[in-house]
Structures are given as C-alpha cells and as structure tokens.
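Undergrad: Sharing a structure, written as structure tokens. Questions coming.
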Amino acid sequence: MVMKHASRLVGSLIAAAAFAGAANAQDVRVLGRNDVVPGAGFTSQWPDSGFEATFEGKTIKATIYDWGANWLNVEIDGVTTTLSLSAGQQTYTLFDGAAGSHTVRVTRRTGANVGPTRFLSVEADGLKPTSAPDHRILVIGDSYASGYGVEGANEKCTYSHETQNAGLAYPALLGRTFGADVHVVAMDGGGLTRNYAGDGATMNTLAWQTLPTGDTAWAALSYRPQVIVINLGTNDFDASDPGEAFDNAYVFLLRRLRVAYPDALIIGSAGGSLWGKRYTAEKTSIADAIAFVEKEGDKNVRFVEFKPTAGPGRYGCDYHLGKRAQVQVAAALEREISKSLGWQPRAKSAE
C-alpha cells in the first residue's frame, strides 16, 4: 500500500488551534475517537470521525482550524456534500436552506495521515446532540478502513486526498447497516509490527492512543464496543513474511483487547490485496492466532476472510478496495456479526 505522509504543520496545529477560540462541544454528539476539551471544542484525526446534531432554522455554521488538506463529508437530512478545508481558521456555512428541523452529520473523508482537524465551534439555532445508538463497533485497520482511493475509477489512478472517502469504506457501511456508532482507528500504510513505509509507530501502539499524532493514551472504557474488527497484516506481509514477530503481536493484541472489553465479539480478518505466498502466510498467521486464543478459552473470537470479486469497482486507486469491493467486505462482516450476535441490519448490504 502506498502511504502518504502529511506531517507538515501537524505538530503545531493542535497547539495553535487550542488558542483559536471557544467551542460548544456539549451541543453536538462527537463521533469516533477524538480529543475533546471541555468548553474548547475537539480535535478530529481518525477517519470518519466528526460530529452529529439536530438544529432548528435554516443555517448552520462551523468554525474549523485545519492545515489545508483535509476533506469532510457534510450530511444534512441524509443528503451529503463534500467540503475541502482551507488552511488556518475558517468559518464554513454547512447549510443555508429551508427553515425547519434538520439533522447534520459532519465526518472526515480523509485519513489520519492527512493530519488533525480542530472543530472550534458549531453555531445554529436549537443545536442539540443526537442520541447515541445502542450498537457500537471498533475497527482497527489500515487504508482499507479509511477509504483510501475508493473514489478512484480503477487501480491505475494515483491517490489524492480527493479520492479518499472514509464514508464509503467498510466501517462506515457497517455503521449504516446496523445503525451503529463506529470508531475507526486506522492509519494508511499501517501495520501491526511494521508499516508499509517502515517508519513511525505501528498500529500496535497507535490503537491505544487518543490521536495518532499525540501521546495521550485512549481511555479504553470511555467507549465500550460490542464488536471489534481487526484488519491488519497487509502492510506487515507486503515485503515478506515477518514470522513469529507478527504471530506473537497478534495474539498479544487479542489478549489485550479481551482484557479491555471482556464481552466484545472480536473478529480477525484478512483478504483483499495480497496474493500468492504472501497472502497465504498472512491468512495462516491470523487464523492461527484466532485459533490459539480460542484454545486458551476465548470463545468469542472469529476469523473472517474477505474475497472481493473481479470486475468494475473491485479496485480504486493504487490497487486499493474500490466501491463495490468495500461493499463486499462490509457484507462479509455483516453476516458474521448477525450470525454471532443476532444484530439485524436496517438495510441489507448489496454485493
């Protein structure tokens, strides 16, 4: 997988934005894993994170600080438009239309690698947070979970921020299918023991942080997922089989997640990119790790293999999952979750 770095200004962004103004985070429901500062808004960096609220009237605005590369999905009453953020602190009109009761949902299209975005304030009449749903899912993954290149026509196009859309990736599709809150903790090019580019912290570390560019530990019990999906390994095995280092790290991750979330269904998954000996090694390692903790007594773990079919929509940019492949991956997970937990989909995924 191609890993795009956007570290420029990232280190100074959070510090600079902290002094940029006040926010009313208590008036919106924060989506995903974010760094929330009471009375001072919140910083969003993980894919598909953002906020949701209801409001009255005909206008809603948001003041946002960004380094000028992130893209957002702005959904008003089920209709989604795209917003490309400019550099610095800007006030954006998210909606200016018919008066009445409305629901707004704003989420990141771009991935964690593109850097953090600071939501300073949201202004609208009658602004109220929406109610949190009963179902909760945590996804720990890589660029497949962030929708890297999913808007691209095929595998021949080159990734750009515009072609990334976490709203079309399998975690967001699962969330809509089950009406669930989803935390997407994913880094483009990220691996469990080694990244595609070979530098930086791996997901073995980042999965437990509030933001990937920060050093604050995530308060695990502040969000209690009933389902955890792990989709890591493509970047670990891309160059070669990492051997026992990966096997041991995967078992350790499963054990650590079980301690944090004793009742959650944990799904380890593989498939969608690698082929030949590399894929066989990846699939075997993950399936064996699942089987190992089962033998230790953990009966709430599963292995799911992804098998996207050939044809239009199989690939997006740089041989990443295309729109149809993302739907098929979501459908495979949907079937396992429904079978294991009895969750009923609100709208059936189409393959």
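Convention: chains lettered A, B, ... in structure tokens order; per-chain residue numbering from 1; ligands numbered from 1 as shown.
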Just list the residues in segment 194-246 of chain A DSSP gives helix (DSSP H, G or I) on the backbone, as a list in words.
TA: Met203, Asn204, Thr205, Leu206, Ala220, Leu221, Ser222, Thr234, Asn235, Asp236, Phe237, Glu244, Ala245 and Phe246 of chain A
Undergrad: Applying 12 Å and only C-alpha atoms, which residues near Pro345 of chain A remain after dropping the ones on its own chain fewer than 6 positions away? List them as a PDB file with N, CA and C atoms, in the first residue's frame.
TA:
ATOM      1  N   HIS A 135     -25.845   0.088  19.368  1.00  0.00           N
ATOM      2  CA  HIS A 135     -24.779  -0.751  18.836  1.00  0.00           C
ATOM      3  C   HIS A 135     -23.488   0.052  18.675  1.00  0.00           C
ATOM      4  N   LEU A 173     -19.903   1.695   6.205  1.00  0.00           N
ATOM      5  CA  LEU A 173     -21.008   0.910   5.652  1.00  0.00           C
ATOM      6  C   LEU A 173     -21.623   0.023   6.728  1.00  0.00           C
ATOM      7  N   LEU A 174     -20.778  -0.595   7.559  1.00  0.00           N
ATOM      8  CA  LEU A 174     -21.291  -1.406   8.665  1.00  0.00           C
ATOM      9  C   LEU A 174     -22.095  -0.563   9.637  1.00  0.00           C
ATOM     10  N   GLY A 175     -21.598   0.636   9.923  1.00  0.00           N
ATOM     11  CA  GLY A 175     -22.304   1.520  10.833  1.00  0.00           C
ATOM     12  C   GLY A 175     -23.699   1.845  10.336  1.00  0.00           C
ATOM     13  N   ARG A 176     -23.811   2.123   9.046  1.00  0.00           N
ATOM     14  CA  ARG A 176     -25.125   2.443   8.486  1.00  0.00           C
ATOM     15  C   ARG A 176     -26.026   1.207   8.446  1.00  0.00           C
ATOM     16  N   THR A 177     -25.442   0.061   8.142  1.00  0.00           N
ATOM     17  CA  THR A 177     -26.232  -1.166   8.079  1.00  0.00           C
ATOM     18  C   THR A 177     -26.886  -1.494   9.413  1.00  0.00           C
ATOM     19  N   PHE A 178     -26.117  -1.372  10.501  1.00  0.00           N
ATOM     20  CA  PHE A 178     -26.630  -1.740  11.816  1.00  0.00           C
ATOM     21  C   PHE A 178     -27.096  -0.546  12.644  1.00  0.00           C
ATOM     22  N   GLY A 179     -27.001   0.651  12.097  1.00  0.00           N
ATOM     23  CA  GLY A 179     -27.343   1.833  12.889  1.00  0.00           C
ATOM     24  C   GLY A 179     -26.439   1.960  14.096  1.00  0.00           C
ATOM     25  N   ALA A 180     -25.146   1.701  13.891  1.00  0.00           N
ATOM     26  CA  ALA A 180     -24.185   1.637  14.992  1.00  0.00           C
ATOM     27  C   ALA A 180     -23.237   2.826  14.993  1.00  0.00           C
ATOM     28  N   ALA A 330     -17.835  -5.272   3.726  1.00  0.00           N
ATOM     29  CA  ALA A 330     -18.816  -4.956   4.759  1.00  0.00           C
ATOM     30  C   ALA A 330     -19.852  -6.070   4.882  1.00  0.00           C
ATOM     31  N   ALA A 331     -20.261  -6.634   3.743  1.00  0.00           N
ATOM     32  CA  ALA A 331     -21.264  -7.701   3.761  1.00  0.00           C
ATOM     33  C   ALA A 331     -20.744  -8.948   4.461  1.00  0.00           C
ATOM     34  N   LEU A 333     -18.539  -9.060   6.880  1.00  0.00           N
ATOM     35  CA  LEU A 333     -18.558  -8.773   8.312  1.00  0.00           C
ATOM     36  C   LEU A 333     -19.983  -8.734   8.848  1.00  0.00           C
ATOM     37  N   GLU A 334     -20.880  -8.184   8.066  1.00  0.00           N
ATOM     38  CA  GLU A 334     -22.287  -8.133   8.466  1.00  0.00           C
ATOM     39  C   GLU A 334     -22.831  -9.532   8.733  1.00  0.00           C
ATOM     40  N   ARG A 335     -22.516 -10.470   7.845  1.00  0.00           N
ATOM     41  CA  ARG A 335     -23.013 -11.833   8.019  1.00  0.00           C
ATOM     42  C   ARG A 335     -22.506 -12.455   9.314  1.00  0.00           C
ATOM     43  N   GLU A 336     -21.223 -12.239   9.606  1.00  0.00           N
ATOM     44  CA  GLU A 336     -20.661 -12.821  10.833  1.00  0.00           C
ATOM     45  C   GLU A 336     -21.257 -12.168  12.077  1.00  0.00           C
ATOM     46  N   ILE A 337     -21.418 -10.868  12.064  1.00  0.00           N
ATOM     47  CA  ILE A 337     -21.977 -10.164  13.223  1.00  0.00           C
ATOM     48  C   ILE A 337     -23.426 -10.586  13.450  1.00  0.00           C
ATOM     49  N   SER A 338     -24.207 -10.668  12.386  1.00  0.00           N
ATOM     50  CA  SER A 338     -25.598 -11.090  12.521  1.00  0.00           C
ATOM     51  C   SER A 338     -25.688 -12.517  13.055  1.00  0.00           C
ATOM     52  N   LYS A 339     -24.819 -13.393  12.555  1.00  0.00           N
ATOM     53  CA  LYS A 339     -24.810 -14.790  12.993  1.00  0.00           C
ATOM     54  C   LYS A 339     -24.406 -14.908  14.455  1.00  0.00           C
TER      55      LYS A 339
END
Undergrad: Fewer than 6 positions away in the same chain doesn't count, so skip those; otherwise give me all residues within 12 Å of Gly316 of chain A, counting only C-alpha atoms, as a ChimeraX atom specification.
TA: /A:1,143-144,147-160,163-165,168-169,272-273,322-326
Undergrad: Set the distance at 12 Å and use only C-alpha atoms: which residues neighbour Ser240 of chain A once local chain neighbours fewer than 4 positions away are removed? I'd like the list as a tab-separated table (two decimals) with N, CA and C atoms, in the first residue's frame.
TA:
chain	number	residue	atom	x	y	z
A	194	ARG	N	5.03	-3.81	11.45
A	194	ARG	CA	5.81	-2.93	10.58
A	194	ARG	C	4.89	-2.29	9.55
A	196	TYR	N	4.02	-0.04	5.98
A	196	TYR	CA	4.40	-0.15	4.56
A	196	TYR	C	5.69	0.60	4.28
A	233	GLY	N	-2.31	-6.57	8.63
A	233	GLY	CA	-1.46	-7.63	8.12
A	233	GLY	C	-0.98	-7.39	6.70
A	234	THR	N	-1.78	-6.68	5.91
A	234	THR	CA	-1.38	-6.43	4.52
A	234	THR	C	-0.03	-5.74	4.45
A	235	ASN	N	0.14	-4.70	5.25
A	235	ASN	CA	1.41	-3.96	5.22
A	235	ASN	C	2.54	-4.72	5.89
A	236	ASP	N	2.22	-5.53	6.89
A	236	ASP	CA	3.24	-6.35	7.55
A	236	ASP	C	3.84	-7.37	6.59
A	246	PHE	N	5.05	-11.17	14.07
A	246	PHE	CA	3.66	-10.86	13.79
A	246	PHE	C	2.73	-11.79	14.57
A	274	LEU	N	-3.24	-8.82	-0.95
A	274	LEU	CA	-2.10	-9.70	-1.22
A	274	LEU	C	-2.56	-10.97	-1.93
A	275	TRP	N	-1.60	-11.65	-2.58
A	275	TRP	CA	-1.90	-12.92	-3.23
A	275	TRP	C	-0.67	-13.80	-3.14
A	276	GLY	N	-0.83	-15.06	-3.54
A	276	GLY	CA	0.29	-15.98	-3.54
A	276	GLY	C	0.79	-16.31	-2.15
A	277	LYS	N	2.11	-16.53	-2.04
A	277	LYS	CA	2.71	-16.94	-0.77
A	277	LYS	C	2.53	-15.90	0.33
A	278	ARG	N	2.58	-14.62	-0.05
A	278	ARG	CA	2.43	-13.58	0.98
A	278	ARG	C	1.05	-13.64	1.62
A	279	TYR	N	0.02	-13.80	0.78
A	279	TYR	CA	-1.32	-13.85	1.34
A	279	TYR	C	-1.54	-15.13	2.15
A	280	THR	N	-1.02	-16.24	1.66
A	280	THR	CA	-1.15	-17.49	2.41
A	280	THR	C	-0.53	-17.36	3.79
A	281	ALA	N	0.64	-16.71	3.84
A	281	ALA	CA	1.31	-16.52	5.13
A	281	ALA	C	0.49	-15.61	6.05
A	282	GLU	N	-0.04	-14.52	5.49
A	282	GLU	CA	-0.85	-13.60	6.30
A	282	GLU	C	-2.10	-14.30	6.83
Undergrad: Hey, which of A:Ala310, A:Leu120, A:Asn195, A:Lys299 ends up closest to Val37 of chain A? Count only C-alpha atoms.
TA: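 Result for the nearest residue to Val37 of chain A: A:Leu120.
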Undergrad: Write out as a VMD selection string all residues of segment 48-132 of chain A that backbone DSSP assigns to strand (DSSP E or B).
TA: chain A and resid 50 to 66 71 to 76 79 to 84 88 to 108 117 to 129
Undergrad: What's the 8 Å shell around Ala172 of chain A, counting only C-alpha atoms, without same-chain residues fewer than 5 positions away, as a PyMOL selection string?
TA: chain A and resi 48+166-167+182
Undergrad: Go ahead and save the residues from that selection, with C-alpha atoms, as a short mmCIF file (atom, residue, chain, number, x, y, z; two decimals), in the first residue's frame.
TA:
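And here is the file that came out, result-v2.cif:
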data_model
loop_
_atom_site.label_atom_id
_atom_site.label_comp_id
_atom_site.auth_asym_id
_atom_site.auth_seq_id
_atom_site.Cartn_x
_atom_site.Cartn_y
_atom_site.Cartn_z
CA ASP A 48 -14.92 9.05 9.60
CA ALA A 166 -13.96 7.06 4.67
CA GLY A 167 -17.72 7.33 4.29
CA VAL A 182 -18.24 3.16 14.79
#
Undergrad: Distance atom CA of Ile60 of chain A-atom CA of Lys128 of chain A, one decimal place?
TA: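 Taking atom CA of Ile60 of chain A and atom CA of Lys128 of chain A, their separation equals 12.1 Å.
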Undergrad: When you look at His102 of chain A with a cut-off of 12 Å (counting only C-alpha atoms), what residues show up, excluding the ones that are within fewer than 4 positions of it in the same chain? I need them as a list in words.
TA: Glu52, Ala53, Thr54, Phe55, Glu56, Gly57, Lys58, Thr59, Ile60, Glu75, Ile76, Asp77, Gly78, Val79, Leu94, Phe95, Asp96, Gly97, Ala98, Ala124, Asp125, Gly126, Leu127, Lys128, Pro129 and Thr130 of chain A
Undergrad: One decimal, in Å: what's the spacing between atom CA of Thr43 of chain A and atom CA of Arg109 of chain A?
TA: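 Those two atoms sit 14.9 Å apart.
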